[in-house]
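Peer 1: The following block contains the structure, expressed as structure tokens.
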Amino acid sequence: MITNFFSDVYAVLWVDLRNMRRHWKSTIATSLVLPLLYLVAFGYGLGQGVNVDGVSYLAFVIPGIVALTAFSISFNGAASKLQVDKFFYKSFDELLMSPVSSSSIVIGKALIGVLRGLISALAIFAVGFALAPTLQVSPLFFLMLLLSCFVFALFGVLIAFIINSHQGMSTFSTVVILPMTFLCGTFFSLSQLPDVAKAALYFLPLTHASNLLRATVLGYSFPWISLVGLVAFGCVFFAGCMLALKRSSV
Amino acid sequence: MNNFIYTENLTKSYGNIKAIDNLDLQVERGEIFGFLGPNGAGKTTTIRVLTTLTRPDSGFASVDGFDVRTEPAKVKKVIGVVQQHLSLDRDLSIRENMEFHARIHHLESSKRKKRIAELLEYVELTEYADKMVDTLSGGMKKKAAIVCSLLHEPKLLFLDEPTVGLDAQARRRLWDFMRRLNSDGTTIFLTTHYIEEAEVLCNRVGIMHHGHLITVGKPTELRKKLGAVAVETLVNNKETRCEFFQDRETANNYVQKLPHDAATVIIRDTNLEDVFIERTGEKVGGS
């Protein structure tokens, strides 16, 4: 049963890995452009000489940019391939008609997003670390990054399941994903915000990822509440995916 | 039980539209069964229910004795499905697509390579195996989709409009292929709106219309029931009228008695389209 689960997850991931192998250079290059621009524009351009929460703005913003990279690349990496499978290739139906279980489909489809998110976020972190060597690198940081990528990839799978058009997907990206990348404590400290705004932002998963990654690389006390929040989001997204798959057979 | 597919009062609606309405259908082991009807008749919905992709609202359906609602995993093991639209991953080669199918259908890794090579040989695609899907002709893509569905050796193959969009030659080659598969032991359930395809390929056909199975039987029997010979006349240069007769002689007698101004008269064998029009008043393929 367990072996079947893992071999099924790998079977689902396998096809996306094959695909990525063909396009890996362009995939990685394009996913690095935006975070590098953020790093230059906000970290270097805007943040020279500014201090936030007791550290240089550059050191402050790097984990934020790593979090938003993990977020957008994991989300899009999982969602866009799934959308292509659903609408263009129709190959997703083949999965539904196979004996592969729903949970293997959900996890397998998320993993390509996790992988792409991890690669891009680690690349950005490497650049950031070169610029601000004061950042602390710990196993906990990598663990939190992995968790973040996984939660965001599940989010991508869920949205690709429930939104049934490209137009809908691009609207969602513009109206929900883009504002989140800017607002969720990625570029500024939430402590600067009024309580109402702060409370609202805690209902978004990226806020917790930013908190966790920032705390681990800057040596802040570990924000347990954000860990609980992020795991809770992951559970909700996974449950949503399972429900969406079940409802798709109507 | 000799019925490979069995449905009783099977019903599925989308909003107010009944896509399948109280369908009673039996498909026997070893036959090529053709499901005929215009677009929107309920053919694809029936396939989706039988392949466990869609849940019926009411009624019963089983495949190889397994209830599609309660035992979907068992149903999936015995069936192969080739969808109407090409469902291959076009970023991959044929071999990679086959490997993907082999994996999701739990083919052991030791058997995978051998089975893929055998099937490629079977459909004469070996030399194209490592080409990307998009570089192949329509007929080859369809064959590739069919072999993907055969990897786990299904006992029953569903083919939804398998020859749509193919040229005449490719279509005939695919028919030969389906006959070969069938004679090698695979039961085939195909939907089509090509009359000729149903007539030359299928042991039995069922005709669907607005979600109802309006008639079912061997093509020759259905034609005979209507009359083996058809006489088409063009009335007032506007309307084609069709009469059916048991044999040529009675048809000829009828033609002799036609008024002299009957412009065009065609005497021909009755076909399944006549059966369809007589039963529904509509043409197959028209919407």
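Quick note on naming: the chains in the structure tokens go A, B, ... in the order shown, residues restart at 1 in each chain, and ligands are numbered from 1 in order of appearance.
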Using only C-alpha atoms, select each residue of chain B with any atom at most 8 Å away from an atom of chain A, and give the selection as a list of chain:residue names.

Peer 2: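 Therefore, the residues near the partner are B:Thr51, B:Thr52, B:Leu53, B:Thr54, B:Arg55, B:Pro56, B:Ala73, B:Lys76, B:Lys77, B:Val81, B:His85, B:Leu86, B:Ser87, B:Leu88, B:Asp89, B:Arg90, B:Asp91, B:Leu92, B:Glu96, B:Phe100, B:Arg103, B:Ile104, B:His105.
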
Peer 1: Which neighbours of region 4-14 of chain B fall inside 6 Å, counting only C-alpha atoms, when residues of the same chain fewer than 3 positions from it are skipped, and could you give them as a ChimeraX atom specification?

Peer 2: /B:17-29,56-64

Peer 1: How many Å lie between CA of Gly65 (chain B) and CA of Ala244 (chain A), rounded to one decimal?

Peer 2: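 Computed distance, CA of Gly65 (chain B) to CA of Ala244 (chain A), equals 28.6 Å.
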
Peer 1: What's around Val66 (chain A) at 10 Å? Count only C-alpha atoms, leave out sequence neighbours fewer than 5 positions away in its own chain, and write the answer as a PyMOL selection string.

Peer 2: chain A and resi 35+39+61+71+117-118+120-126+128+145+186+209-210+213-214

Peer 1: I want to know what sits within 12 Å of region 248-257 of chain B, based on only C-alpha atoms, with residues of the same chain fewer than 5 positions away left out; could you give that as a JSON list (two decimals) with N, CA and C atoms, in the first residue's frame?

Peer 2:
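Written output follows (out.json):
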[["chain", "number", "residue", "atom", "x", "y", "z"],
["B", 227, "GLY", "N", -35.83, -2.94, -44.23],
["B", 227, "GLY", "CA", -35.95, -3.27, -45.65],
["B", 227, "GLY", "C", -34.57, -3.16, -46.26],
["B", 228, "ALA", "N", -34.15, -4.20, -46.99],
["B", 228, "ALA", "CA", -32.76, -4.24, -47.45],
["B", 228, "ALA", "C", -32.46, -3.23, -48.56],
["B", 229, "VAL", "N", -33.51, -2.82, -49.29],
["B", 229, "VAL", "CA", -33.28, -1.92, -50.44],
["B", 229, "VAL", "C", -33.99, -0.58, -50.21],
["B", 230, "ALA", "N", -33.27, 0.49, -50.54],
["B", 230, "ALA", "CA", -33.85, 1.83, -50.38],
["B", 230, "ALA", "C", -34.04, 2.47, -51.75],
["B", 231, "VAL", "N", -35.15, 3.17, -51.90],
["B", 231, "VAL", "CA", -35.35, 3.95, -53.14],
["B", 231, "VAL", "C", -35.48, 5.42, -52.74],
["B", 232, "GLU", "N", -34.53, 6.19, -53.27],
["B", 232, "GLU", "CA", -34.53, 7.63, -52.97],
["B", 232, "GLU", "C", -35.08, 8.39, -54.15],
["B", 233, "THR", "N", -36.04, 9.24, -53.93],
["B", 233, "THR", "CA", -36.55, 10.06, -55.04],
["B", 233, "THR", "C", -36.51, 11.52, -54.64],
["B", 242, "CYS", "N", -37.51, 8.80, -49.11],
["B", 242, "CYS", "CA", -36.89, 7.48, -49.10],
["B", 242, "CYS", "C", -37.93, 6.41, -48.75],
["B", 243, "GLU", "N", -38.00, 5.37, -49.58],
["B", 243, "GLU", "CA", -38.90, 4.25, -49.28],
["B", 243, "GLU", "C", -38.04, 2.98, -49.16],
["B", 262, "ALA", "N", -40.71, 12.30, -61.83],
["B", 262, "ALA", "CA", -39.80, 12.12, -60.68],
["B", 262, "ALA", "C", -38.37, 12.26, -61.18],
["B", 263, "ALA", "N", -37.71, 13.37, -60.79],
["B", 263, "ALA", "CA", -36.46, 13.75, -61.45],
["B", 263, "ALA", "C", -35.32, 12.76, -61.20],
["B", 264, "THR", "N", -35.00, 12.52, -59.95],
["B", 264, "THR", "CA", -33.85, 11.66, -59.64],
["B", 264, "THR", "C", -34.33, 10.45, -58.85],
["B", 265, "VAL", "N", -33.96, 9.27, -59.30],
["B", 265, "VAL", "CA", -34.34, 8.07, -58.56],
["B", 265, "VAL", "C", -33.08, 7.25, -58.32],
["B", 266, "ILE", "N", -32.81, 6.93, -57.07],
["B", 266, "ILE", "CA", -31.63, 6.11, -56.75],
["B", 266, "ILE", "C", -32.11, 4.84, -56.04],
["B", 267, "ILE", "N", -31.68, 3.70, -56.56],
["B", 267, "ILE", "CA", -31.98, 2.44, -55.85],
["B", 267, "ILE", "C", -30.66, 1.97, -55.24],
["B", 268, "ARG", "N", -30.65, 1.73, -53.95],
["B", 268, "ARG", "CA", -29.39, 1.33, -53.28],
["B", 268, "ARG", "C", -29.70, 0.45, -52.08],
["B", 269, "ASP", "N", -28.61, -0.11, -51.51],
["B", 269, "ASP", "CA", -28.79, -0.89, -50.28],
["B", 269, "ASP", "C", -29.12, 0.04, -49.13],
["B", 270, "THR", "N", -29.92, -0.43, -48.23],
["B", 270, "THR", "CA", -30.22, 0.36, -47.03],
["B", 270, "THR", "C", -28.96, 0.42, -46.15]]

Peer 1: Give me, as a ChimeraX atom specification, all polymer residues having an atom no more than 9 Å from Val147 (chain B), counting only C-alpha atoms and skipping those fewer than 4 positions away in the same chain.

Peer 2: /B:98,116,119-120,122-123,142-143,151

Peer 1: Distance CA of Ala117 (chain B)-CA of Ala102 (chain B), one decimal place?

Peer 2: 12.0 Å

Peer 1: Which residues in region 18-102 of chain A does DSSP call strand (DSSP E)? List them as a PyMOL selection string.

Peer 2: chain A and resi 51-52+55-56

Peer 1: Just the helix (DSSP H, G or I) stuff from region 116-154 of chain B, please, per backbone DSSP, written as a list in words.

Peer 2: Ile116, Ala117, Glu118, Leu119, Leu120, Glu121, Tyr122, Thr126, Glu127, Tyr128, Val133, Asp134, Thr135, Gly138, Gly139, Met140, Lys141, Lys142, Lys143, Ala144, Ala145, Ile146, Val147, Cys148, Ser149 and Leu150 of chain B

Peer 1: Would you save the residues from that selection as a CSV table (one decimal), in the first residue's frame, using C-alpha atoms?

Peer 2:
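The resulting file, part.csv, is shown below:
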chain,number,residue,atom,x,y,z
B,116,ILE,CA,6.7,-1.1,-24.8
B,117,ALA,CA,9.0,-2.6,-27.4
B,118,GLU,CA,6.5,-5.3,-28.3
B,119,LEU,CA,3.6,-2.9,-28.6
B,120,LEU,CA,5.7,-0.5,-30.7
B,121,GLU,CA,6.4,-3.4,-33.0
B,122,TYR,CA,2.8,-4.4,-33.1
B,126,THR,CA,9.3,1.3,-33.5
B,127,GLU,CA,11.3,3.7,-35.7
B,128,TYR,CA,9.3,6.7,-34.5
B,133,VAL,CA,4.5,13.4,-30.4
B,134,ASP,CA,3.9,16.7,-32.3
B,135,THR,CA,6.2,15.6,-35.2
B,138,GLY,CA,-2.6,12.2,-37.2
B,139,GLY,CA,-2.9,8.5,-37.8
B,140,MET,CA,0.4,7.8,-36.0
B,141,LYS,CA,-0.6,9.9,-33.0
B,142,LYS,CA,-3.9,8.0,-32.7
B,143,LYS,CA,-2.0,4.7,-32.9
B,144,ALA,CA,0.4,6.0,-30.2
B,145,ALA,CA,-2.6,6.9,-28.0
B,146,ILE,CA,-4.1,3.4,-28.6
B,147,VAL,CA,-0.9,1.6,-27.7
B,148,CYS,CA,-0.6,3.7,-24.5
B,149,SER,CA,-4.0,2.4,-23.5
B,150,LEU,CA,-2.9,-1.2,-24.2

Peer 1: I need the residue nearest Glu273 (chain B) from this list: B:Arg241, B:Lys113, B:Arg173, B:Arg223. Use only C-alpha atoms for the distance.

Peer 2: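 When distances to Glu273 (chain B) are compared using only C-alpha atoms, the smallest one comes from B:Arg223.
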
Peer 1: May I ask which of the residues B:Asp176, B:Glu71, B:Glu197, B:Glu239 is the closest one to Asn271 (chain B), counting only C-alpha atoms?

Peer 2: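 The answer is B:Glu197, which sits nearest to Asn271 (chain B).
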
Peer 1: If you measure from CA of Ser56 (chain A) to CA of Gln136 (chain A), what distance in Å do you get, rounded to one decimal?

Peer 2: 14.1 Å

Peer 1: So which one's closest to Lys111 (chain B), B:Asp67, B:Glu124, B:Val82, B:His152? Using only C-alpha atoms, please.

Peer 2: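 Closest candidate: B:His152.
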
Peer 1: Write out as number ranges by chain the residues lying within 10 Å of Tyr38 (chain A), counting only C-alpha atoms and excluding same-chain residues fewer than 6 positions away.

Peer 2: A: 44-45, 61-62, 65, 187

Peer 1: Can those selected residues be exported to a file as a JSON list (two decimals), in the first residue's frame so that it contains N, CA and C atoms?

Peer 2:
[["chain", "number", "residue", "atom", "x", "y", "z"],
["A", 44, "TYR", "N", 19.37, 46.70, -2.95],
["A", 44, "TYR", "CA", 20.50, 47.59, -3.20],
["A", 44, "TYR", "C", 20.07, 49.03, -3.42],
["A", 45, "GLY", "N", 19.15, 49.19, -4.39],
["A", 45, "GLY", "CA", 18.78, 50.54, -4.79],
["A", 45, "GLY", "C", 18.13, 51.31, -3.66],
["A", 61, "VAL", "N", 15.59, 42.04, 3.71],
["A", 61, "VAL", "CA", 14.74, 41.76, 2.54],
["A", 61, "VAL", "C", 15.09, 40.43, 1.86],
["A", 62, "ILE", "N", 16.33, 39.94, 2.02],
["A", 62, "ILE", "CA", 16.72, 38.70, 1.33],
["A", 62, "ILE", "C", 15.80, 37.51, 1.69],
["A", 65, "ILE", "N", 12.56, 37.94, -0.06],
["A", 65, "ILE", "CA", 12.59, 37.65, -1.50],
["A", 65, "ILE", "C", 12.71, 36.13, -1.72],
["A", 187, "PHE", "N", 8.70, 42.54, 1.81],
["A", 187, "PHE", "CA", 9.56, 43.71, 1.62],
["A", 187, "PHE", "C", 9.60, 44.65, 2.83]]

Peer 1: If we count only C-alpha atoms, what is near Ile195 (chain B) at a cut-off of 10 Å, once residues fewer than 5 positions away on the same chain are taken out, given as a list in words?

Peer 2: Gly34, Leu36, Gly37, Val200, Asn271, Leu272, Glu273, Asp274, Phe276, Val284 and Gly285 of chain B

Peer 1: May I have the residues from that selection written out with N, CA, C and O atoms, as an mmCIF file, in the first residue's frame?

Peer 2:
data_model
loop_
_atom_site.group_PDB
_atom_site.id
_atom_site.type_symbol
_atom_site.label_atom_id
_atom_site.label_comp_id
_atom_site.auth_asym_id
_atom_site.auth_seq_id
_atom_site.Cartn_x
_atom_site.Cartn_y
_atom_site.Cartn_z
ATOM 1 N N GLY B 34 -20.389 -0.992 -31.548
ATOM 2 C CA GLY B 34 -20.339 0.402 -31.995
ATOM 3 C C GLY B 34 -21.481 1.201 -31.401
ATOM 4 O O GLY B 34 -22.630 0.759 -31.403
ATOM 5 N N LEU B 36 -23.457 4.469 -31.893
ATOM 6 C CA LEU B 36 -23.651 5.398 -32.998
ATOM 7 C C LEU B 36 -24.615 6.498 -32.578
ATOM 8 O O LEU B 36 -25.552 6.236 -31.828
ATOM 9 N N GLY B 37 -24.393 7.688 -33.099
ATOM 10 C CA GLY B 37 -25.332 8.758 -32.785
ATOM 11 C C GLY B 37 -24.697 10.101 -33.053
ATOM 12 O O GLY B 37 -23.480 10.210 -33.134
ATOM 13 N N VAL B 200 -18.806 -1.531 -41.224
ATOM 14 C CA VAL B 200 -17.768 -2.486 -41.617
ATOM 15 C C VAL B 200 -17.030 -3.090 -40.421
ATOM 16 O O VAL B 200 -16.443 -4.147 -40.534
ATOM 17 N N ASN B 271 -28.733 1.543 -45.499
ATOM 18 C CA ASN B 271 -27.595 1.605 -44.580
ATOM 19 C C ASN B 271 -28.057 2.027 -43.184
ATOM 20 O O ASN B 271 -29.236 2.321 -42.964
ATOM 21 N N LEU B 272 -27.115 2.070 -42.279
ATOM 22 C CA LEU B 272 -27.475 2.382 -40.888
ATOM 23 C C LEU B 272 -27.995 3.803 -40.732
ATOM 24 O O LEU B 272 -28.748 4.102 -39.818
ATOM 25 N N GLU B 273 -27.565 4.667 -41.660
ATOM 26 C CA GLU B 273 -28.061 6.039 -41.575
ATOM 27 C C GLU B 273 -29.570 6.066 -41.813
ATOM 28 O O GLU B 273 -30.302 6.816 -41.167
ATOM 29 N N ASP B 274 -30.029 5.206 -42.764
ATOM 30 C CA ASP B 274 -31.472 5.106 -42.996
ATOM 31 C C ASP B 274 -32.179 4.656 -41.723
ATOM 32 O O ASP B 274 -33.237 5.170 -41.373
ATOM 33 N N PHE B 276 -31.196 5.078 -38.734
ATOM 34 C CA PHE B 276 -31.187 6.185 -37.781
ATOM 35 C C PHE B 276 -32.257 7.225 -38.123
ATOM 36 O O PHE B 276 -33.035 7.649 -37.277
ATOM 37 N N VAL B 284 -27.518 11.482 -38.815
ATOM 38 C CA VAL B 284 -26.367 11.277 -37.935
ATOM 39 C C VAL B 284 -25.313 12.324 -38.276
ATOM 40 O O VAL B 284 -25.075 12.593 -39.445
ATOM 41 N N GLY B 285 -24.692 12.890 -37.276
ATOM 42 C CA GLY B 285 -23.643 13.883 -37.531
ATOM 43 C C GLY B 285 -24.204 15.284 -37.560
ATOM 44 O O GLY B 285 -23.503 16.252 -37.349
#
